[in-house]
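Below is the file data-v8.pdb, which contains PDB, N, CA and C atoms.
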```pdb
ATOM      1  N   MET A   1     -12.954  49.771 -10.844
ATOM      2  CA  MET A   1     -12.299  48.968  -9.847
ATOM      3  C   MET A   1     -11.201  48.187 -10.559
ATOM      4  N   ALA A   2     -10.097  47.992  -9.875
ATOM      5  CA  ALA A   2      -8.980  47.244 -10.450
ATOM      6  C   ALA A   2      -8.510  46.191  -9.455
ATOM      7  N   TRP A   3      -8.284  45.006  -9.962
ATOM      8  CA  TRP A   3      -7.695  43.924  -9.180
ATOM      9  C   TRP A   3      -6.472  43.485  -9.953
ATOM     10  N   GLY A   4      -5.301  43.999  -9.543
ATOM     11  CA  GLY A   4      -4.077  43.749 -10.300
ATOM     12  C   GLY A   4      -4.250  44.293 -11.717
ATOM     13  N   PRO A   5      -4.006  43.485 -12.761
ATOM     14  CA  PRO A   5      -4.132  43.956 -14.134
ATOM     15  C   PRO A   5      -5.564  43.925 -14.661
ATOM     16  N   PHE A   6      -6.524  43.455 -13.880
ATOM     17  CA  PHE A   6      -7.900  43.297 -14.339
ATOM     18  C   PHE A   6      -8.723  44.530 -13.983
ATOM     19  N   ARG A   7      -9.559  44.981 -14.908
ATOM     20  CA  ARG A   7     -10.381  46.179 -14.707
ATOM     21  C   ARG A   7     -11.854  45.818 -14.781
ATOM     22  N   PHE A   8     -12.631  46.400 -13.862
ATOM     23  CA  PHE A   8     -14.066  46.168 -13.808
ATOM     24  C   PHE A   8     -14.762  47.507 -13.670
ATOM     25  N   THR A   9     -15.907  47.635 -14.289
ATOM     26  CA  THR A   9     -16.689  48.848 -14.074
ATOM     27  C   THR A   9     -17.585  48.613 -12.868
ATOM     28  N   VAL A  10     -17.663  49.585 -12.011
ATOM     29  CA  VAL A  10     -18.377  49.429 -10.751
ATOM     30  C   VAL A  10     -19.870  49.125 -10.947
ATOM     31  N   PRO A  11     -20.595  49.781 -11.872
ATOM     32  CA  PRO A  11     -22.022  49.467 -12.012
ATOM     33  C   PRO A  11     -22.304  48.019 -12.414
ATOM     34  N   SER A  12     -21.359  47.354 -13.076
ATOM     35  CA  SER A  12     -21.614  45.985 -13.527
ATOM     36  C   SER A  12     -20.971  44.939 -12.623
ATOM     37  N   TYR A  13     -20.303  45.358 -11.582
ATOM     38  CA  TYR A  13     -19.624  44.431 -10.697
ATOM     39  C   TYR A  13     -20.343  44.405  -9.366
ATOM     40  N   SER A  14     -20.830  43.245  -8.975
ATOM     41  CA  SER A  14     -21.532  43.154  -7.692
ATOM     42  C   SER A  14     -20.843  42.130  -6.806
ATOM     43  N   VAL A  15     -20.751  42.450  -5.555
ATOM     44  CA  VAL A  15     -20.133  41.563  -4.579
ATOM     45  C   VAL A  15     -21.246  40.929  -3.761
ATOM     46  N   GLU A  16     -21.310  39.585  -3.780
ATOM     47  CA  GLU A  16     -22.344  38.904  -2.999
ATOM     48  C   GLU A  16     -21.983  38.835  -1.521
ATOM     49  N   THR A  17     -20.727  38.493  -1.234
ATOM     50  CA  THR A  17     -20.283  38.464   0.165
ATOM     51  C   THR A  17     -18.892  39.071   0.261
ATOM     52  N   MET A  18     -18.628  39.684   1.393
ATOM     53  CA  MET A  18     -17.328  40.298   1.644
ATOM     54  C   MET A  18     -16.938  40.007   3.089
ATOM     55  N   ARG A  19     -15.692  39.536   3.279
ATOM     56  CA  ARG A  19     -15.163  39.296   4.623
ATOM     57  C   ARG A  19     -13.832  40.013   4.744
ATOM     58  N   ARG A  20     -13.611  40.600   5.897
ATOM     59  CA  ARG A  20     -12.356  41.312   6.152
ATOM     60  C   ARG A  20     -11.814  40.857   7.493
ATOM     61  N   SER A  21     -10.513  40.570   7.528
ATOM     62  CA  SER A  21      -9.888  40.204   8.796
ATOM     63  C   SER A  21      -8.576  40.962   8.941
ATOM     64  N   LEU A  22      -8.329  41.422  10.152
ATOM     65  CA  LEU A  22      -7.105  42.136  10.489
ATOM     66  C   LEU A  22      -6.358  41.358  11.560
ATOM     67  N   GLN A  23      -5.054  41.306  11.426
ATOM     68  CA  GLN A  23      -4.230  40.646  12.422
ATOM     69  C   GLN A  23      -3.273  41.679  13.006
ATOM     70  N   PRO A  24      -3.564  42.182  14.196
ATOM     71  CA  PRO A  24      -2.666  43.173  14.786
ATOM     72  C   PRO A  24      -1.335  42.549  15.164
ATOM     73  N   ARG A  25      -0.285  43.336  15.094
ATOM     74  CA  ARG A  25       1.037  42.875  15.505
ATOM     75  C   ARG A  25       1.252  43.272  16.957
ATOM     76  N   SER A  26       1.672  42.313  17.765
ATOM     77  CA  SER A  26       1.978  42.604  19.163
ATOM     78  C   SER A  26       3.094  41.665  19.615
ATOM     79  N   ALA A  27       3.782  42.093  20.653
ATOM     80  CA  ALA A  27       4.877  41.281  21.189
ATOM     81  C   ALA A  27       4.907  41.440  22.707
ATOM     82  N   PRO A  28       5.069  40.330  23.432
ATOM     83  CA  PRO A  28       5.164  40.430  24.890
ATOM     84  C   PRO A  28       6.555  40.907  25.304
ATOM     85  N   GLN A  29       6.598  41.702  26.361
ATOM     86  CA  GLN A  29       7.866  42.169  26.929
ATOM     87  C   GLN A  29       7.927  41.649  28.367
ATOM     88  N   ASP A  30       8.912  40.825  28.638
ATOM     89  CA  ASP A  30       9.032  40.243  29.977
ATOM     90  C   ASP A  30       9.346  41.315  31.017
ATOM     91  N   VAL A  31       8.712  41.175  32.184
ATOM     92  CA  VAL A  31       8.939  42.062  33.323
ATOM     93  C   VAL A  31       9.232  41.174  34.531
ATOM     94  N   ILE A  32      10.316  41.453  35.226
ATOM     95  CA  ILE A  32      10.693  40.630  36.381
ATOM     96  C   ILE A  32       9.648  40.798  37.478
ATOM     97  N   GLY A  33       9.107  39.679  37.943
ATOM     98  CA  GLY A  33       8.157  39.689  39.045
ATOM     99  C   GLY A  33       6.748  40.092  38.653
ATOM    100  N   ALA A  34       6.437  40.183  37.369
ATOM    101  CA  ALA A  34       5.091  40.560  36.940
ATOM    102  C   ALA A  34       4.752  39.840  35.637
ATOM    103  N   ALA A  35       3.498  39.905  35.290
ATOM    104  CA  ALA A  35       3.063  39.313  34.017
ATOM    105  C   ALA A  35       3.651  40.115  32.861
ATOM    106  N   PRO A  36       3.948  39.469  31.748
ATOM    107  CA  PRO A  36       4.504  40.200  30.603
ATOM    108  C   PRO A  36       3.564  41.308  30.118
ATOM    109  N   ILE A  37       4.150  42.392  29.671
ATOM    110  CA  ILE A  37       3.394  43.517  29.113
ATOM    111  C   ILE A  37       3.314  43.299  27.606
ATOM    112  N   ILE A  38       2.137  43.502  27.060
ATOM    113  CA  ILE A  38       1.946  43.344  25.612
ATOM    114  C   ILE A  38       2.127  44.701  24.936
ATOM    115  N   HIS A  39       3.055  44.761  23.999
ATOM    116  CA  HIS A  39       3.283  45.977  23.223
ATOM    117  C   HIS A  39       2.616  45.843  21.871
ATOM    118  N   ARG A  40       1.824  46.829  21.527
ATOM    119  CA  ARG A  40       1.201  46.840  20.211
ATOM    120  C   ARG A  40       2.178  47.462  19.216
ATOM    121  N   LEU A  41       2.409  46.750  18.105
ATOM    122  CA  LEU A  41       3.399  47.181  17.126
ATOM    123  C   LEU A  41       2.775  47.724  15.848
ATOM    124  N   GLY A  42       1.500  47.981  15.867
ATOM    125  CA  GLY A  42       0.842  48.535  14.685
ATOM    126  C   GLY A  42       0.091  47.476  13.910
ATOM    127  N   PRO A  43      -0.433  47.861  12.754
ATOM    128  CA  PRO A  43      -1.241  46.926  11.970
ATOM    129  C   PRO A  43      -0.397  45.803  11.394
ATOM    130  N   GLY A  44      -1.009  44.658  11.272
ATOM    131  CA  GLY A  44      -0.353  43.497  10.673
ATOM    132  C   GLY A  44      -1.002  43.184   9.337
ATOM    133  N   ASN A  45      -1.188  41.913   9.070
ATOM    134  CA  ASN A  45      -1.784  41.487   7.806
ATOM    135  C   ASN A  45      -3.267  41.807   7.765
ATOM    136  N   GLU A  46      -3.725  42.208   6.590
ATOM    137  CA  GLU A  46      -5.141  42.447   6.354
ATOM    138  C   GLU A  46      -5.559  41.577   5.183
ATOM    139  N   GLU A  47      -6.684  40.900   5.326
ATOM    140  CA  GLU A  47      -7.175  40.042   4.256
ATOM    141  C   GLU A  47      -8.621  40.397   3.965
ATOM    142  N   ILE A  48      -8.920  40.598   2.688
ATOM    143  CA  ILE A  48     -10.284  40.869   2.247
ATOM    144  C   ILE A  48     -10.661  39.770   1.267
ATOM    145  N   VAL A  49     -11.779  39.108   1.519
ATOM    146  CA  VAL A  49     -12.265  38.038   0.646
ATOM    147  C   VAL A  49     -13.579  38.498   0.035
ATOM    148  N   LEU A  50     -13.620  38.552  -1.291
ATOM    149  CA  LEU A  50     -14.819  38.935  -2.013
ATOM    150  C   LEU A  50     -15.334  37.739  -2.796
ATOM    151  N   GLU A  51     -16.630  37.520  -2.779
ATOM    152  CA  GLU A  51     -17.237  36.495  -3.607
ATOM    153  C   GLU A  51     -18.208  37.199  -4.544
ATOM    154  N   SER A  52     -18.085  36.882  -5.831
ATOM    155  CA  SER A  52     -18.879  37.574  -6.827
ATOM    156  C   SER A  52     -19.135  36.662  -8.020
ATOM    157  N   THR A  53     -20.115  37.026  -8.810
ATOM    158  CA  THR A  53     -20.405  36.348 -10.066
ATOM    159  C   THR A  53     -20.020  37.279 -11.196
ATOM    160  N   PHE A  54     -19.173  36.790 -12.107
ATOM    161  CA  PHE A  54     -18.767  37.579 -13.264
ATOM    162  C   PHE A  54     -19.689  37.279 -14.431
ATOM    163  N   HIS A  55     -20.112  38.326 -15.099
ATOM    164  CA  HIS A  55     -20.875  38.191 -16.332
ATOM    165  C   HIS A  55     -19.966  38.692 -17.453
ATOM    166  N   PRO A  56     -19.493  37.806 -18.337
ATOM    167  CA  PRO A  56     -18.475  38.169 -19.332
ATOM    168  C   PRO A  56     -18.803  39.404 -20.170
ATOM    169  N   ARG A  57     -20.058  39.658 -20.461
ATOM    170  CA  ARG A  57     -20.376  40.812 -21.308
ATOM    171  C   ARG A  57     -20.145  42.139 -20.583
ATOM    172  N   HIS A  58     -19.979  42.107 -19.251
ATOM    173  CA  HIS A  58     -19.765  43.327 -18.467
ATOM    174  C   HIS A  58     -18.304  43.579 -18.141
ATOM    175  N   LEU A  59     -17.392  42.801 -18.683
ATOM    176  CA  LEU A  59     -15.984  42.939 -18.327
ATOM    177  C   LEU A  59     -15.235  43.810 -19.324
ATOM    178  N   ASN A  60     -15.732  45.002 -19.560
ATOM    179  CA  ASN A  60     -15.065  46.034 -20.371
ATOM    180  C   ASN A  60     -14.661  45.561 -21.762
ATOM    181  N   GLY A  61     -15.491  44.749 -22.402
ATOM    182  CA  GLY A  61     -15.225  44.326 -23.760
ATOM    183  C   GLY A  61     -14.191  43.229 -23.894
ATOM    184  N   ARG A  62     -13.558  42.825 -22.809
ATOM    185  CA  ARG A  62     -12.539  41.779 -22.871
ATOM    186  C   ARG A  62     -13.117  40.440 -22.452
ATOM    187  N   GLY A  63     -14.315  40.452 -21.893
ATOM    188  CA  GLY A  63     -15.100  39.282 -21.562
ATOM    189  C   GLY A  63     -14.373  38.033 -21.139
ATOM    190  N   LEU A  64     -14.428  37.025 -21.989
ATOM    191  CA  LEU A  64     -13.913  35.705 -21.627
ATOM    192  C   LEU A  64     -12.401  35.690 -21.456
ATOM    193  N   THR A  65     -11.674  36.548 -22.166
ATOM    194  CA  THR A  65     -10.222  36.622 -21.999
ATOM    195  C   THR A  65      -9.874  37.076 -20.583
ATOM    196  N   GLN A  66     -10.566  38.108 -20.114
ATOM    197  CA  GLN A  66     -10.321  38.606 -18.759
ATOM    198  C   GLN A  66     -10.756  37.575 -17.724
ATOM    199  N   LEU A  67     -11.866  36.890 -17.957
ATOM    200  CA  LEU A  67     -12.331  35.874 -17.022
ATOM    201  C   LEU A  67     -11.324  34.735 -16.916
ATOM    202  N   ALA A  68     -10.728  34.326 -18.037
ATOM    203  CA  ALA A  68      -9.692  33.291 -18.018
ATOM    204  C   ALA A  68      -8.478  33.757 -17.214
ATOM    205  N   GLY A  69      -8.105  35.026 -17.343
ATOM    206  CA  GLY A  69      -6.991  35.576 -16.576
ATOM    207  C   GLY A  69      -7.264  35.577 -15.082
ATOM    208  N   VAL A  70      -8.489  35.922 -14.697
ATOM    209  CA  VAL A  70      -8.874  35.916 -13.285
ATOM    210  C   VAL A  70      -8.778  34.493 -12.734
ATOM    211  N   ARG A  71      -9.249  33.521 -13.496
ATOM    212  CA  ARG A  71      -9.189  32.127 -13.047
ATOM    213  C   ARG A  71      -7.744  31.655 -12.882
ATOM    214  N   GLN A  72      -6.859  32.032 -13.790
ATOM    215  CA  GLN A  72      -5.454  31.665 -13.661
ATOM    216  C   GLN A  72      -4.823  32.314 -12.436
ATOM    217  N   GLN A  73      -5.141  33.580 -12.202
ATOM    218  CA  GLN A  73      -4.545  34.327 -11.100
ATOM    219  C   GLN A  73      -4.931  33.748  -9.749
ATOM    220  N   GLU A  74      -6.161  33.276  -9.602
ATOM    221  CA  GLU A  74      -6.578  32.773  -8.294
ATOM    222  C   GLU A  74      -5.852  31.485  -7.913
ATOM    223  N   CYS A  75      -5.205  30.813  -8.870
ATOM    224  CA  CYS A  75      -4.436  29.599  -8.576
ATOM    225  C   CYS A  75      -2.990  29.909  -8.193
ATOM    226  N   LEU A  76      -2.554  31.141  -8.369
ATOM    227  CA  LEU A  76      -1.174  31.513  -8.064
ATOM    228  C   LEU A  76      -1.039  31.906  -6.594
ATOM    229  N   PRO A  77       0.164  31.730  -6.015
ATOM    230  CA  PRO A  77       0.344  32.050  -4.598
ATOM    231  C   PRO A  77       0.471  33.546  -4.298
ATOM    232  N   CYS A  78       0.702  34.393  -5.308
ATOM    233  CA  CYS A  78       0.870  35.824  -5.028
ATOM    234  C   CYS A  78      -0.498  36.505  -4.915
ATOM    235  N   HIS A  79      -0.528  37.615  -4.200
ATOM    236  CA  HIS A  79      -1.768  38.352  -3.966
ATOM    237  C   HIS A  79      -1.746  39.645  -4.774
ATOM    238  N   LEU A  80      -2.911  40.043  -5.243
ATOM    239  CA  LEU A  80      -3.041  41.288  -5.996
ATOM    240  C   LEU A  80      -3.779  42.325  -5.153
ATOM    241  N   SER A  81      -3.493  43.591  -5.395
ATOM    242  CA  SER A  81      -4.174  44.670  -4.692
ATOM    243  C   SER A  81      -5.509  44.958  -5.365
ATOM    244  N   LEU A  82      -6.519  45.212  -4.550
ATOM    245  CA  LEU A  82      -7.828  45.624  -5.050
ATOM    246  C   LEU A  82      -7.951  47.114  -4.841
ATOM    247  N   VAL A  83      -8.233  47.854  -5.906
ATOM    248  CA  VAL A  83      -8.313  49.307  -5.836
ATOM    249  C   VAL A  83      -9.674  49.729  -6.360
ATOM    250  N   ALA A  84     -10.348  50.569  -5.619
ATOM    251  CA  ALA A  84     -11.632  51.118  -6.058
ATOM    252  C   ALA A  84     -11.533  52.636  -6.019
ATOM    253  N   LEU A  85     -11.883  53.277  -7.099
ATOM    254  CA  LEU A  85     -11.862  54.738  -7.173
ATOM    255  C   LEU A  85     -13.285  55.263  -7.105
ATOM    256  N   THR A  86     -13.480  56.252  -6.282
ATOM    257  CA  THR A  86     -14.780  56.925  -6.228
ATOM    258  C   THR A  86     -14.554  58.394  -6.494
ATOM    259  N   LEU A  87     -15.398  58.957  -7.305
ATOM    260  CA  LEU A  87     -15.290  60.374  -7.633
ATOM    261  C   LEU A  87     -16.263  61.148  -6.761
ATOM    262  N   ALA A  88     -15.779  62.194  -6.134
ATOM    263  CA  ALA A  88     -16.625  63.000  -5.252
ATOM    264  C   ALA A  88     -17.332  64.082  -6.030
TER     265      ALA A  88
END
```

As C-alpha coordinates - that is how I would like this structure written.
Amino acid sequence: MAWGPFRFTVPSYSVETMRRSLQPRSAPQDVIGAAPIIHRLGPGNEEIVLESTFHPRHLNGRGLTQLAGVRQQECLPCHLSLVALTLA
(Lines of atoms letter the chains of each structure in order from A and count residues from 1; the text may use other names and numbers.)
(Lines give C-alpha, C1' and ligand atoms only; values in the text may rest on other atoms or scores of the structure.)
Protein backbone atom coordinates (compact mmCIF):
# COMPACT_ATOMS: atom_id res chain seq x y z
CA MET A 1 0.00 0.00 0.00
CA ALA A 2 1.26 3.49 -0.75
CA TRP A 3 0.18 6.83 0.67
CA GLY A 4 2.07 9.43 -1.33
CA PRO A 5 5.80 8.72 -0.77
CA PHE A 6 5.13 6.37 2.18
CA ARG A 7 5.05 2.58 1.70
CA PHE A 8 3.36 0.02 3.92
CA THR A 9 3.14 -3.73 3.66
CA VAL A 10 -0.45 -4.88 3.73
CA PRO A 11 -0.03 -7.76 6.27
CA SER A 12 1.40 -5.35 8.87
CA TYR A 13 -0.98 -2.46 8.24
CA SER A 14 -4.38 -2.58 9.89
CA VAL A 15 -7.16 -0.06 9.63
CA GLU A 16 -9.30 0.32 12.75
CA THR A 17 -11.94 2.56 11.19
CA MET A 18 -12.65 3.71 7.66
CA ARG A 19 -15.11 6.38 6.49
CA ARG A 20 -15.90 7.31 2.91
CA SER A 21 -17.97 10.23 1.68
CA LEU A 22 -18.92 11.22 -1.85
CA GLN A 23 -20.22 14.58 -2.93
CA PRO A 24 -22.08 14.38 -6.24
CA ARG A 25 -21.97 17.39 -8.53
CA SER A 26 -25.33 18.77 -9.58
CA ALA A 27 -26.71 22.06 -10.82
CA PRO A 28 -30.29 23.36 -11.02
CA GLN A 29 -31.61 24.46 -14.42
CA ASP A 30 -34.39 27.03 -14.28
CA VAL A 31 -37.60 26.22 -16.16
CA ILE A 32 -40.24 28.89 -16.76
CA GLY A 33 -43.44 28.03 -14.90
CA ALA A 34 -42.04 24.91 -13.20
CA ALA A 35 -39.69 23.85 -10.45
CA PRO A 36 -36.01 23.83 -11.44
CA ILE A 37 -34.68 20.60 -12.93
CA ILE A 38 -31.59 19.16 -11.25
CA HIS A 39 -28.87 18.05 -13.65
CA ARG A 40 -26.36 15.53 -12.42
CA LEU A 41 -22.85 16.48 -13.54
CA GLY A 42 -20.99 13.36 -12.47
CA PRO A 43 -18.87 12.52 -9.45
CA GLY A 44 -17.55 15.28 -7.24
CA ASN A 45 -15.15 15.17 -4.32
CA GLU A 46 -14.44 11.86 -2.62
CA GLU A 47 -12.95 11.68 0.85
CA ILE A 48 -11.65 8.57 2.60
CA VAL A 49 -10.64 8.79 6.26
CA LEU A 50 -8.58 5.94 7.71
CA GLU A 51 -7.66 5.58 11.36
CA SER A 52 -4.85 3.20 12.19
CA THR A 53 -2.08 2.45 14.65
CA PHE A 54 1.45 2.38 13.25
CA HIS A 55 3.99 -0.01 14.69
CA PRO A 56 7.45 1.34 13.69
CA ARG A 57 9.05 -2.09 13.30
CA HIS A 58 6.52 -2.92 10.53
CA LEU A 59 7.21 0.13 8.36
CA ASN A 60 9.52 -1.55 5.82
CA GLY A 61 12.72 -1.00 7.80
CA ARG A 62 12.36 2.79 7.81
CA GLY A 63 10.41 2.76 11.08
CA LEU A 64 10.60 6.00 12.99
CA THR A 65 11.82 8.04 10.00
CA GLN A 66 8.72 7.10 8.01
CA LEU A 67 6.47 7.70 11.04
CA ALA A 68 7.93 11.21 11.44
CA GLY A 69 7.22 11.87 7.74
CA VAL A 70 3.60 10.72 8.12
CA ARG A 71 3.16 13.05 11.10
CA GLN A 72 4.57 16.01 9.15
CA GLN A 73 2.38 15.26 6.13
CA GLU A 74 -0.87 15.20 8.10
CA CYS A 75 -0.24 18.85 9.13
CA LEU A 76 0.06 20.03 5.52
CA PRO A 77 -2.96 21.27 3.53
CA CYS A 78 -2.28 19.08 0.45
CA HIS A 79 -3.80 15.61 0.08
CA LEU A 80 -1.99 12.44 -0.92
CA SER A 81 -3.38 9.54 -2.94
CA LEU A 82 -3.81 6.18 -1.24
CA VAL A 83 -3.01 3.26 -3.53
CA ALA A 84 -3.46 -0.41 -2.70
CA LEU A 85 -2.28 -3.15 -5.05
CA THR A 86 -3.77 -6.61 -4.97
CA LEU A 87 -2.38 -9.48 -6.96
CA ALA A 88 -4.89 -11.87 -8.47

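If you look at atom N of Pro5 (chain A) and atom C of Val49 (chain A), they are 16.7 Å away from each other.
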
I'd like to see the residues matched by the PyMOL selection byres ((chain A and resi 45) around 8) on this file, and ideally I'd get them as number ranges by chain. A: 21-25, 42-44, 46-48

I need the residues from that last selection saved to file as a short mmCIF file (atom, residue, chain, number, x, y, z; two decimals), keeping the file's coordinate frame (with N, CA and C atoms), if you can.
```cif
data_model
loop_
_atom_site.label_atom_id
_atom_site.label_comp_id
_atom_site.auth_asym_id
_atom_site.auth_seq_id
_atom_site.Cartn_x
_atom_site.Cartn_y
_atom_site.Cartn_z
N SER A 21 -10.51 40.57 7.53
CA SER A 21 -9.89 40.20 8.80
C SER A 21 -8.58 40.96 8.94
N LEU A 22 -8.33 41.42 10.15
CA LEU A 22 -7.10 42.14 10.49
C LEU A 22 -6.36 41.36 11.56
N GLN A 23 -5.05 41.31 11.43
CA GLN A 23 -4.23 40.65 12.42
C GLN A 23 -3.27 41.68 13.01
N PRO A 24 -3.56 42.18 14.20
CA PRO A 24 -2.67 43.17 14.79
C PRO A 24 -1.34 42.55 15.16
N ARG A 25 -0.28 43.34 15.09
CA ARG A 25 1.04 42.88 15.50
C ARG A 25 1.25 43.27 16.96
N GLY A 42 1.50 47.98 15.87
CA GLY A 42 0.84 48.54 14.68
C GLY A 42 0.09 47.48 13.91
N PRO A 43 -0.43 47.86 12.75
CA PRO A 43 -1.24 46.93 11.97
C PRO A 43 -0.40 45.80 11.39
N GLY A 44 -1.01 44.66 11.27
CA GLY A 44 -0.35 43.50 10.67
C GLY A 44 -1.00 43.18 9.34
N GLU A 46 -3.72 42.21 6.59
CA GLU A 46 -5.14 42.45 6.35
C GLU A 46 -5.56 41.58 5.18
N GLU A 47 -6.68 40.90 5.33
CA GLU A 47 -7.18 40.04 4.26
C GLU A 47 -8.62 40.40 3.96
N ILE A 48 -8.92 40.60 2.69
CA ILE A 48 -10.28 40.87 2.25
C ILE A 48 -10.66 39.77 1.27
#
```

Counting only C-alpha atoms, closest pick from A:Ala34, A:Ala84, A:Leu50, A:His39 relative to Arg20 (chain A) is A:Leu50

Enclose all atoms of region 71-82 of chain A listed in the file in an axis-aligned box, grow every side by 8 Å, and hand back centre and edge lengths in Å to one decimal, as lines of an AutoDock Vina configuration file.
```
center_x = -4.2
center_y = 38.4
center_z = -8.9
size_x = 26.1
size_y = 33.5
size_z = 25.8
```

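For Leu80 (chain A), the set of protein, DNA and RNA residues having any atom at most 9 Å away, when counting only C-alpha atoms and skipping those fewer than 3 positions along the same chain, is Trp3, Gly4, Pro5 and Gln73 of chain A.
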
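In this structure, atom N of Gln66 (chain A) sits 8.2 Å away from CA of Phe6 (chain A).
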
note - CA of Leu41 (chain A) and atom C of Ala2 (chain A) are separated by 29.1 Å
